[in-house]
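Printed here is target.pdb (PDB, C-alpha atoms):
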ATOM      1  CA  MET A  18     120.938  54.476  93.469  1.00  0.00           C
ATOM      2  CA  ALA A  19     122.982  57.606  92.858  1.00  0.00           C
ATOM      3  CA  PRO A  20     120.982  60.799  92.442  1.00  0.00           C
ATOM      4  CA  ARG A  21     120.439  61.916  88.873  1.00  0.00           C
ATOM      5  CA  ARG A  22     122.563  64.881  87.886  1.00  0.00           C
ATOM      6  CA  HIS A  23     121.323  67.543  85.525  1.00  0.00           C
ATOM      7  CA  PRO A  24     123.593  68.022  82.513  1.00  0.00           C
ATOM      8  CA  ARG A  25     125.566  71.258  82.422  1.00  0.00           C
ATOM      9  CA  THR A  26     124.676  73.761  79.748  1.00  0.00           C
ATOM     10  CA  VAL A  27     127.417  73.724  77.157  1.00  0.00           C
ATOM     11  CA  LEU A  28     127.568  76.756  74.893  1.00  0.00           C
ATOM     12  CA  PRO A  29     129.007  76.666  71.384  1.00  0.00           C
ATOM     13  CA  LYS A  30     132.364  78.410  71.358  1.00  0.00           C
ATOM     14  CA  ALA A  31     131.210  80.968  68.771  1.00  0.00           C
ATOM     15  CA  PHE A  32     127.557  81.448  69.770  1.00  0.00           C
ATOM     16  CA  ALA A  33     128.095  85.237  69.947  1.00  0.00           C
ATOM     17  CA  GLU A  34     130.761  87.663  68.795  1.00  0.00           C
ATOM     18  CA  VAL A  35     130.735  90.535  71.281  1.00  0.00           C
ATOM     19  CA  ASP A  36     131.313  93.953  69.729  1.00  0.00           C
ATOM     20  CA  LEU A  37     133.837  95.567  72.071  1.00  0.00           C
ATOM     21  CA  GLN A  38     134.484  98.493  69.700  1.00  0.00           C
ATOM     22  CA  ARG A  39     130.880  99.674  69.530  1.00  0.00           C
ATOM     23  CA  HIS A  40     131.329 102.415  72.124  1.00  0.00           C
ATOM     24  CA  HIS A  41     134.128 103.908  69.994  1.00  0.00           C
ATOM     25  CA  ARG A  42     131.937 103.900  66.875  1.00  0.00           C
ATOM     26  CA  LEU A  43     128.542 104.758  68.352  1.00  0.00           C
ATOM     27  CA  GLY A  44     129.279 106.315  71.733  1.00  0.00           C
ATOM     28  CA  ALA A  45     127.697 103.447  73.677  1.00  0.00           C
ATOM     29  CA  PRO A  46     128.747  99.869  74.425  1.00  0.00           C
ATOM     30  CA  GLU A  47     126.913  96.818  73.143  1.00  0.00           C
ATOM     31  CA  ILE A  48     123.642  96.312  75.026  1.00  0.00           C
ATOM     32  CA  ILE A  49     122.268  92.786  75.465  1.00  0.00           C
ATOM     33  CA  TYR A  50     118.722  91.947  74.371  1.00  0.00           C
ATOM     34  CA  GLY A  51     117.757  89.355  76.960  1.00  0.00           C
ATOM     35  CA  ALA A  52     114.554  87.892  75.501  1.00  0.00           C
ATOM     36  CA  GLY A  53     115.251  84.611  73.754  1.00  0.00           C
ATOM     37  CA  LYS A  54     118.696  84.220  75.304  1.00  0.00           C
ATOM     38  CA  THR A  55     119.427  81.722  78.045  1.00  0.00           C
ATOM     39  CA  THR A  56     120.950  82.810  81.337  1.00  0.00           C
ATOM     40  CA  PRO A  57     124.317  81.135  80.516  1.00  0.00           C
ATOM     41  CA  GLN A  58     124.412  82.977  77.181  1.00  0.00           C
ATOM     42  CA  ILE A  59     123.757  86.339  78.833  1.00  0.00           C
ATOM     43  CA  VAL A  60     126.334  85.608  81.548  1.00  0.00           C
ATOM     44  CA  ALA A  61     128.981  84.743  78.948  1.00  0.00           C
ATOM     45  CA  ILE A  62     128.361  87.963  76.996  1.00  0.00           C
ATOM     46  CA  ALA A  63     128.285  90.050  80.186  1.00  0.00           C
ATOM     47  CA  ARG A  64     131.587  88.589  81.382  1.00  0.00           C
ATOM     48  CA  ARG A  65     133.171  89.433  78.043  1.00  0.00           C
ATOM     49  CA  LEU A  66     132.041  93.054  78.377  1.00  0.00           C
ATOM     50  CA  LEU A  67     133.213  93.239  81.990  1.00  0.00           C
ATOM     51  CA  SER A  68     136.601  91.814  81.067  1.00  0.00           C
ATOM     52  CA  ALA A  69     136.987  94.796  78.720  1.00  0.00           C
ATOM     53  CA  LYS A  70     135.944  97.144  81.568  1.00  0.00           C
ATOM     54  CA  GLN A  71     132.678  97.987  79.840  1.00  0.00           C
ATOM     55  CA  PRO A  72     129.327  98.344  81.615  1.00  0.00           C
ATOM     56  CA  VAL A  73     126.499  95.861  81.150  1.00  0.00           C
ATOM     57  CA  LEU A  74     122.844  96.494  80.386  1.00  0.00           C
ATOM     58  CA  VAL A  75     120.481  93.624  79.621  1.00  0.00           C
ATOM     59  CA  THR A  76     116.955  94.451  78.453  1.00  0.00           C
ATOM     60  CA  ARG A  77     113.786  92.337  78.491  1.00  0.00           C
ATOM     61  CA  VAL A  78     114.748  90.187  81.445  1.00  0.00           C
ATOM     62  CA  ASP A  79     112.094  88.587  83.651  1.00  0.00           C
ATOM     63  CA  LYS A  80     112.395  88.381  87.433  1.00  0.00           C
ATOM     64  CA  SER A  81     113.651  84.792  87.515  1.00  0.00           C
ATOM     65  CA  LYS A  82     116.367  85.464  84.948  1.00  0.00           C
ATOM     66  CA  GLY A  83     117.313  88.692  86.721  1.00  0.00           C
ATOM     67  CA  GLN A  84     117.859  86.829  89.989  1.00  0.00           C
ATOM     68  CA  GLN A  85     119.943  84.190  88.234  1.00  0.00           C
ATOM     69  CA  LEU A  86     122.134  86.854  86.628  1.00  0.00           C
ATOM     70  CA  ARG A  87     122.725  88.521  89.984  1.00  0.00           C
ATOM     71  CA  GLN A  88     123.712  85.183  91.509  1.00  0.00           C
ATOM     72  CA  LYS A  89     126.006  84.035  88.699  1.00  0.00           C
ATOM     73  CA  LEU A  90     127.712  87.388  88.101  1.00  0.00           C
ATOM     74  CA  GLY A  91     127.959  88.272  91.787  1.00  0.00           C
ATOM     75  CA  LYS A  92     126.897  91.876  91.264  1.00  0.00           C
ATOM     76  CA  GLY A  93     124.466  94.077  89.382  1.00  0.00           C
ATOM     77  CA  SER A  94     120.920  95.270  89.942  1.00  0.00           C
ATOM     78  CA  TYR A  95     117.596  94.150  88.515  1.00  0.00           C
ATOM     79  CA  HIS A  96     114.855  96.667  87.756  1.00  0.00           C
ATOM     80  CA  PRO A  97     111.560  94.719  87.796  1.00  0.00           C
ATOM     81  CA  HIS A  98     109.355  97.377  86.168  1.00  0.00           C
ATOM     82  CA  ALA A  99     111.838  98.125  83.381  1.00  0.00           C
ATOM     83  CA  ARG A 100     112.769  94.417  83.095  1.00  0.00           C
ATOM     84  CA  THR A 101     116.448  95.322  82.927  1.00  0.00           C
ATOM     85  CA  PHE A 102     119.641  94.097  84.581  1.00  0.00           C
ATOM     86  CA  ARG A 103     122.570  96.478  84.940  1.00  0.00           C
ATOM     87  CA  ILE A 104     126.200  96.499  86.036  1.00  0.00           C
ATOM     88  CA  PRO A 105     127.811  99.991  86.017  1.00  0.00           C
ATOM     89  CA  ALA A 106     131.060 100.783  84.257  1.00  0.00           C
ATOM     90  CA  GLN A 107     134.375  99.958  85.925  1.00  0.00           C
ATOM     91  CA  SER A 108     136.032 102.810  84.061  1.00  0.00           C
ATOM     92  CA  ARG A 109     134.766 105.959  82.397  1.00  0.00           C
ATOM     93  CA  LEU A 110     133.902 105.603  78.720  1.00  0.00           C
ATOM     94  CA  ARG A 111     134.245 108.393  76.181  1.00  0.00           C
ATOM     95  CA  PRO A 112     132.244 111.320  77.610  1.00  0.00           C
ATOM     96  CA  THR A 113     129.139 112.617  75.828  1.00  0.00           C
ATOM     97  CA  ARG A 114     126.799 115.522  76.375  1.00  0.00           C
ATOM     98  CA  SER A 115     124.453 114.638  79.241  1.00  0.00           C
ATOM     99  CA  LEU A 116     120.882 115.641  78.431  1.00  0.00           C
ATOM    100  CA  ARG A 117     117.917 116.352  80.677  1.00  0.00           C
ATOM    101  CA  VAL A 118     115.216 114.094  79.254  1.00  0.00           C
ATOM    102  CA  GLY A 119     111.588 114.122  80.290  1.00  0.00           C
ATOM    103  CA  VAL A 120     110.144 110.607  80.141  1.00  0.00           C
ATOM    104  CA  CYS A 121     106.391 111.049  79.782  1.00  0.00           C
ATOM    105  CA  ALA A 122     103.868 108.264  80.262  1.00  0.00           C
ATOM    106  CA  ALA A 123     100.237 108.824  79.356  1.00  0.00           C
ATOM    107  CA  GLY A 124      98.968 106.338  81.953  1.00  0.00           C
ATOM    108  CA  THR A 125     100.051 103.798  84.563  1.00  0.00           C
ATOM    109  CA  SER A 126      99.803 100.903  82.086  1.00  0.00           C
ATOM    110  CA  ASP A 127     102.554 102.538  80.040  1.00  0.00           C
ATOM    111  CA  HIS A 128     105.049 102.567  82.931  1.00  0.00           C
ATOM    112  CA  PRO A 129     107.028  99.404  82.007  1.00  0.00           C
ATOM    113  CA  VAL A 130     107.962 100.841  78.599  1.00  0.00           C
ATOM    114  CA  ALA A 131     108.684 104.265  80.103  1.00  0.00           C
ATOM    115  CA  GLU A 132     110.884 102.701  82.785  1.00  0.00           C
ATOM    116  CA  GLU A 133     112.866 100.790  80.155  1.00  0.00           C
ATOM    117  CA  ALA A 134     113.560 104.123  78.460  1.00  0.00           C
ATOM    118  CA  LEU A 135     114.491 105.761  81.766  1.00  0.00           C
ATOM    119  CA  VAL A 136     116.935 103.029  82.828  1.00  0.00           C
ATOM    120  CA  THR A 137     118.538 103.060  79.371  1.00  0.00           C
ATOM    121  CA  LEU A 138     118.958 106.842  79.501  1.00  0.00           C
ATOM    122  CA  GLU A 139     120.661 106.589  82.901  1.00  0.00           C
ATOM    123  CA  PHE A 140     122.925 103.826  81.599  1.00  0.00           C
ATOM    124  CA  LEU A 141     123.940 106.045  78.668  1.00  0.00           C
ATOM    125  CA  GLY A 142     124.834 108.932  80.974  1.00  0.00           C
ATOM    126  CA  HIS A 143     121.768 111.164  80.733  1.00  0.00           C
ATOM    127  CA  ARG A 144     119.513 112.723  83.375  1.00  0.00           C
ATOM    128  CA  PRO A 145     115.944 111.523  82.919  1.00  0.00           C
ATOM    129  CA  ALA A 146     112.971 112.793  84.908  1.00  0.00           C
ATOM    130  CA  ARG A 147     109.567 111.119  85.200  1.00  0.00           C
ATOM    131  CA  PHE A 148     106.399 112.856  84.019  1.00  0.00           C
ATOM    132  CA  TYR A 149     103.824 110.148  84.588  1.00  0.00           C
ATOM    133  CA  ASP A 150     100.040 109.976  84.311  1.00  0.00           C
ATOM    134  CA  ILE A 151      99.740 113.056  82.105  1.00  0.00           C
ATOM    135  CA  GLY A 152      97.564 111.577  79.343  1.00  0.00           C
ATOM    136  CA  VAL A 153      94.955 113.554  77.453  1.00  0.00           C
ATOM    137  CA  ALA A 154      92.106 112.045  79.487  1.00  0.00           C
ATOM    138  CA  GLY A 155      93.333 114.414  82.216  1.00  0.00           C
ATOM    139  CA  LEU A 156      94.727 117.221  80.092  1.00  0.00           C
ATOM    140  CA  HIS A 157      94.866 119.566  83.089  1.00  0.00           C
ATOM    141  CA  ARG A 158      97.651 117.356  84.526  1.00  0.00           C
ATOM    142  CA  THR A 159      99.665 117.805  81.331  1.00  0.00           C
ATOM    143  CA  LEU A 160      99.240 121.572  81.304  1.00  0.00           C
ATOM    144  CA  ARG A 161     100.138 121.799  84.981  1.00  0.00           C
ATOM    145  CA  ARG A 162     103.601 120.380  84.234  1.00  0.00           C
ATOM    146  CA  LEU A 163     104.181 122.225  80.988  1.00  0.00           C
ATOM    147  CA  ASP A 164     106.777 124.633  82.392  1.00  0.00           C
ATOM    148  CA  GLU A 165     108.813 121.688  83.727  1.00  0.00           C
ATOM    149  CA  LEU A 166     108.567 119.890  80.396  1.00  0.00           C
ATOM    150  CA  ARG A 167     109.834 122.947  78.551  1.00  0.00           C
ATOM    151  CA  ARG A 168     112.962 122.982  80.736  1.00  0.00           C
ATOM    152  CA  GLN A 169     114.028 119.544  79.451  1.00  0.00           C
ATOM    153  CA  ASP A 170     116.480 119.097  76.577  1.00  0.00           C
ATOM    154  CA  ALA A 171     114.349 116.387  74.948  1.00  0.00           C
ATOM    155  CA  LEU A 172     111.222 114.336  75.595  1.00  0.00           C
ATOM    156  CA  ILE A 173     110.289 110.687  75.289  1.00  0.00           C
ATOM    157  CA  VAL A 174     106.501 110.315  75.162  1.00  0.00           C
ATOM    158  CA  VAL A 175     105.043 106.866  75.817  1.00  0.00           C
ATOM    159  CA  ALA A 176     101.355 106.272  75.081  1.00  0.00           C
ATOM    160  CA  GLY A 177      98.873 103.565  74.156  1.00  0.00           C
ATOM    161  CA  MET A 178      95.149 103.718  73.310  1.00  0.00           C
ATOM    162  CA  GLU A 179      94.801 106.340  70.532  1.00  0.00           C
ATOM    163  CA  ALA A 180      98.230 107.813  71.459  1.00  0.00           C
ATOM    164  CA  ALA A 181      97.270 111.485  71.309  1.00  0.00           C
ATOM    165  CA  LEU A 182      99.800 112.707  73.891  1.00  0.00           C
ATOM    166  CA  PRO A 183     102.787 113.093  71.487  1.00  0.00           C
ATOM    167  CA  SER A 184     100.654 115.255  69.188  1.00  0.00           C
ATOM    168  CA  VAL A 185      99.542 117.432  72.098  1.00  0.00           C
ATOM    169  CA  LEU A 186     103.077 117.931  73.403  1.00  0.00           C
ATOM    170  CA  GLY A 187     104.458 118.238  69.889  1.00  0.00           C
ATOM    171  CA  GLY A 188     102.392 121.381  69.484  1.00  0.00           C
ATOM    172  CA  LEU A 189     103.422 122.858  72.838  1.00  0.00           C
ATOM    173  CA  VAL A 190     107.173 122.266  73.215  1.00  0.00           C
ATOM    174  CA  LYS A 191     110.112 122.894  70.878  1.00  0.00           C
ATOM    175  CA  GLN A 192     112.434 120.150  72.150  1.00  0.00           C
ATOM    176  CA  PRO A 193     113.152 116.962  70.156  1.00  0.00           C
ATOM    177  CA  LEU A 194     110.358 114.499  70.879  1.00  0.00           C
ATOM    178  CA  VAL A 195     110.557 110.729  70.473  1.00  0.00           C
ATOM    179  CA  ALA A 196     107.193 108.951  70.628  1.00  0.00           C
ATOM    180  CA  VAL A 197     106.787 105.333  71.774  1.00  0.00           C
ATOM    181  CA  PRO A 198     103.505 103.516  71.038  1.00  0.00           C
ATOM    182  CA  THR A 199     102.534 100.838  73.543  1.00  0.00           C
ATOM    183  CA  SER A 200     100.415  97.712  73.205  1.00  0.00           C
ATOM    184  CA  VAL A 201      97.914  99.110  75.717  1.00  0.00           C
ATOM    185  CA  GLY A 202      94.206  99.500  75.029  1.00  0.00           C
ATOM    186  CA  TYR A 203      90.942  97.779  74.253  1.00  0.00           C
ATOM    187  CA  GLY A 204      90.202  95.479  71.305  1.00  0.00           C
ATOM    188  CA  ALA A 205      90.748  97.797  68.343  1.00  0.00           C
ATOM    189  CA  HIS A 206      94.125  98.947  69.593  1.00  0.00           C
ATOM    190  CA  LEU A 207      95.511  95.918  67.687  1.00  0.00           C
ATOM    191  CA  GLN A 208      98.422  95.226  70.057  1.00  0.00           C
ATOM    192  CA  GLY A 209      99.685  98.791  69.680  1.00  0.00           C
ATOM    193  CA  LEU A 210      99.259  99.179  65.925  1.00  0.00           C
ATOM    194  CA  THR A 211      96.542 101.818  66.407  1.00  0.00           C
ATOM    195  CA  ALA A 212      98.870 103.893  68.609  1.00  0.00           C
ATOM    196  CA  PHE A 213     101.761 103.374  66.192  1.00  0.00           C
ATOM    197  CA  LEU A 214      99.792 104.583  63.160  1.00  0.00           C
ATOM    198  CA  GLY A 215      98.367 107.483  65.154  1.00  0.00           C
ATOM    199  CA  MET A 216     101.863 108.681  66.055  1.00  0.00           C
ATOM    200  CA  LEU A 217     103.109 108.279  62.478  1.00  0.00           C
ATOM    201  CA  ASN A 218     100.175 110.385  61.259  1.00  0.00           C
ATOM    202  CA  SER A 219     100.537 113.102  63.888  1.00  0.00           C
ATOM    203  CA  CYS A 220      99.816 116.607  62.637  1.00  0.00           C
ATOM    204  CA  ALA A 221     102.579 117.935  64.942  1.00  0.00           C
ATOM    205  CA  PRO A 222     105.692 118.169  62.717  1.00  0.00           C
ATOM    206  CA  GLY A 223     109.052 116.626  63.485  1.00  0.00           C
ATOM    207  CA  ILE A 224     108.011 113.839  65.866  1.00  0.00           C
ATOM    208  CA  THR A 225     110.257 110.761  65.802  1.00  0.00           C
ATOM    209  CA  VAL A 226     108.396 107.452  66.239  1.00  0.00           C
ATOM    210  CA  VAL A 227     109.983 104.154  67.298  1.00  0.00           C
ATOM    211  CA  ASN A 228     108.552 100.665  67.309  1.00  0.00           C
ATOM    212  CA  ILE A 229     105.781  99.408  69.584  1.00  0.00           C
ATOM    213  CA  ASP A 230     106.855  99.047  73.252  1.00  0.00           C
ATOM    214  CA  ASN A 231     110.429 100.032  72.326  1.00  0.00           C
ATOM    215  CA  GLY A 232     111.458 102.220  75.246  1.00  0.00           C
ATOM    216  CA  PHE A 233     115.070 101.178  74.711  1.00  0.00           C
ATOM    217  CA  GLY A 234     115.022 102.381  71.115  1.00  0.00           C
ATOM    218  CA  ALA A 235     113.608 105.764  72.142  1.00  0.00           C
ATOM    219  CA  ALA A 236     116.384 106.278  74.695  1.00  0.00           C
ATOM    220  CA  TYR A 237     119.038 105.304  72.168  1.00  0.00           C
ATOM    221  CA  ALA A 238     117.587 107.779  69.650  1.00  0.00           C
ATOM    222  CA  ILE A 239     117.920 110.561  72.237  1.00  0.00           C
ATOM    223  CA  HIS A 240     121.500 109.443  72.892  1.00  0.00           C
ATOM    224  CA  ARG A 241     122.292 109.817  69.195  1.00  0.00           C
ATOM    225  CA  PHE A 242     120.931 113.367  69.325  1.00  0.00           C
ATOM    226  CA  SER A 243     123.335 114.118  72.166  1.00  0.00           C
ATOM    227  CA  LEU A 244     126.315 112.744  70.218  1.00  0.00           C
ATOM    228  CA  ALA A 245     125.461 114.893  67.219  1.00  0.00           C
ATOM    229  CA  SER A 246     125.282 118.038  69.349  1.00  0.00           C
ATOM    230  CA  SER A 247     128.338 117.379  71.538  1.00  0.00           C
TER     231      SER A 247
END
Go through the file and emit its structure as structure tokens.
Amino acid sequence: MAPRRHPRTVLPKAFAEVDLQRHHRLGAPEIIYGAGKTTPQIVAIARRLLSAKQPVLVTRVDKSKGQQLRQKLGKGSYHPHARTFRIPAQSRLRPTRSLRVGVCAAGTSDHPVAEEALVTLEFLGHRPARFYDIGVAGLHRTLRRLDELRRQDALIVVAGMEAALPSVLGGLVKQPLVAVPTSVGYGAHLQGLTAFLGMLNSCAPGITVVNIDNGFGAAYAIHRFSLASS
């Protein structure tokens, strides 16, 4: 009896319309949200970007999918903590102002979201630096790095629990600050809603807040700042 063959995945011809003009309009190419997409779908979109000599960044990719992408595309790198897959540009896109961005994480549990922001910043041409484990439970660690933080052009501050760190830094530094609430904490953190509402109600003026666990969105917000000032 002949061995059973698995059917090939057949994609609809128009399952996605890749936006190849986005980098001209927004200063960054289309970035692929990997969660909910199959590996063949991501591969097809990535190949379309590569054929136009544009770089590829896929967010929210698990380890198994990351390995499959590397195998099928023949190149690229997978970042397990950030859950991203990346293929650099084959040609230089329109230049933008490269910012020094401090990526701050209150605690170790916030690292995956912070790393997503960091990888996205690098992909968009910026120079991120890690400032990790500087939460308010050890405020002396925050104050010890204050001079370094003040030398950055902008900050991304990632925090769960009660999310006090953006308020603390928002009262100490003058740079643009984008706050990212994370779904980290005990029962009443409500999957990050407590941190989200805490950041929205910060008494430090001018803080920008993105959605829960959205490190990518924070990095893109910083990128928009750079385009406006370039």
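For the atom pair formed by atom CA of His128 of chain A and atom CA of Arg77 of chain A, the distance is 14.2 Å, given to one decimal.
Checking A:Gly188, A:Gly215, A:Gly234, A:Gly91 one by one against Ala134 of chain A, counting all atoms listed in the file, you find the shortest gap at A:Gly234.
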(message) I need the output of the PyMOL selection byres ((chain A and resi 222) around 9) for this file as number ranges by chain; which residues are they?
(response) A: 184, 187-188, 219-221, 223-224
(message) Using all atoms listed in the file, which protein or nucleic acid residues come within 12 Å of Leu135 of chain A? Drop anything in the same chain fewer than 6 positions from it, and give the result as a ChimeraX atom specification.
(response) /A:96,98-101,117-122,128-129,141-149,172-175,231-237,239-240
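The space separating atom CA of Gly209 of chain A from atom CA of Leu182 of chain A comes to 14.5 Å.
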(request) Write out as a ChimeraX atom specification which residues come within 6 Å of segment 41-55 of chain A when counting only C-alpha atoms, dropping same-chain ones fewer than 2 positions away. (result) /A:38-39,57-58,74-78
Since we have the selection now, will you write its residues out, keeping C-alpha atoms, as a PDB file, in the frame of the given file?
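Result file is out.pdb:
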ATOM      1  CA  GLN A  38     134.484  98.493  69.700  1.00  0.00           C
ATOM      2  CA  ARG A  39     130.880  99.674  69.530  1.00  0.00           C
ATOM      3  CA  PRO A  57     124.317  81.135  80.516  1.00  0.00           C
ATOM      4  CA  GLN A  58     124.412  82.977  77.181  1.00  0.00           C
ATOM      5  CA  LEU A  74     122.844  96.494  80.386  1.00  0.00           C
ATOM      6  CA  VAL A  75     120.481  93.624  79.621  1.00  0.00           C
ATOM      7  CA  THR A  76     116.955  94.451  78.453  1.00  0.00           C
ATOM      8  CA  ARG A  77     113.786  92.337  78.491  1.00  0.00           C
ATOM      9  CA  VAL A  78     114.748  90.187  81.445  1.00  0.00           C
TER      10      VAL A  78
END
(request) Output the residue selection produced by the PyMOL selection byres ((chain A and resi 64-72) around 10) on the file above, formatted as a PyMOL selection string. (result) chain A and resi 34-37+40+45-48+59-63+73-74+90+103-110+140-141
(message) With distances taken over all atoms listed in the file, which residue among A:Ala176, A:Thr125, A:Phe213, A:Leu186 lies nearest Leu156 of chain A?
(response) A:Leu186
(message) Could you tell me how far atom CA of Val136 of chain A sits from atom CA of Gln208 of chain A, in Å to one decimal place?
(response)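 Atom CA of Val136 of chain A lies 23.8 Å from atom CA of Gln208 of chain A.
Neighbours of Gly202 of chain A closer than or equal to 10 Å, with all atoms listed in the file counted and sequence neighbours fewer than 5 positions away skipped, come out as Ser126, Ala176, Gly177, Met178, Glu179, Ala180, Leu207, Gln208, Gly209, Thr211 and Ala212 of chain A.
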(message) Which residue is closest to Leu138 of chain A? Choose from A:Lys191, A:Leu166, A:Leu116, A:Leu210 and count only C-alpha atoms.
(response)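 Looking only at the distances to Leu138 of chain A, the closest residue turns out to be A:Leu116.
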(message) Using only C-alpha atoms for the distances, tell me which of A:Leu86, A:Asp170, A:Leu217, A:Phe102 is nearest to Thr137 of chain A.
(response)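 Smallest distance to Thr137 of chain A is found for A:Phe102.
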Find the residues around Lys80 of chain A up to 8 Å (all atoms listed in the file counted), leave out those fewer than 3 positions away in its own chain, and share them as a short mmCIF file (atom, residue, chain, number, x, y, z; two decimals) with C-alpha atoms, in the coordinates of the input.
data_model
loop_
_atom_site.label_atom_id
_atom_site.label_comp_id
_atom_site.auth_asym_id
_atom_site.auth_seq_id
_atom_site.Cartn_x
_atom_site.Cartn_y
_atom_site.Cartn_z
CA GLY A 83 117.31 88.69 86.72
CA GLN A 84 117.86 86.83 89.99
CA TYR A 95 117.60 94.15 88.52
CA PRO A 97 111.56 94.72 87.80
CA ARG A 100 112.77 94.42 83.10
#
(message) Calculated over all atoms listed in the file, which of the candidates A:Ala33, A:Asp164, A:Ser115, A:Ala196 has the smallest distance to Pro183 of chain A?
(response)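 Comparing A:Ala33, A:Asp164, A:Ser115, A:Ala196 against Pro183 of chain A, the winner is A:Ala196.
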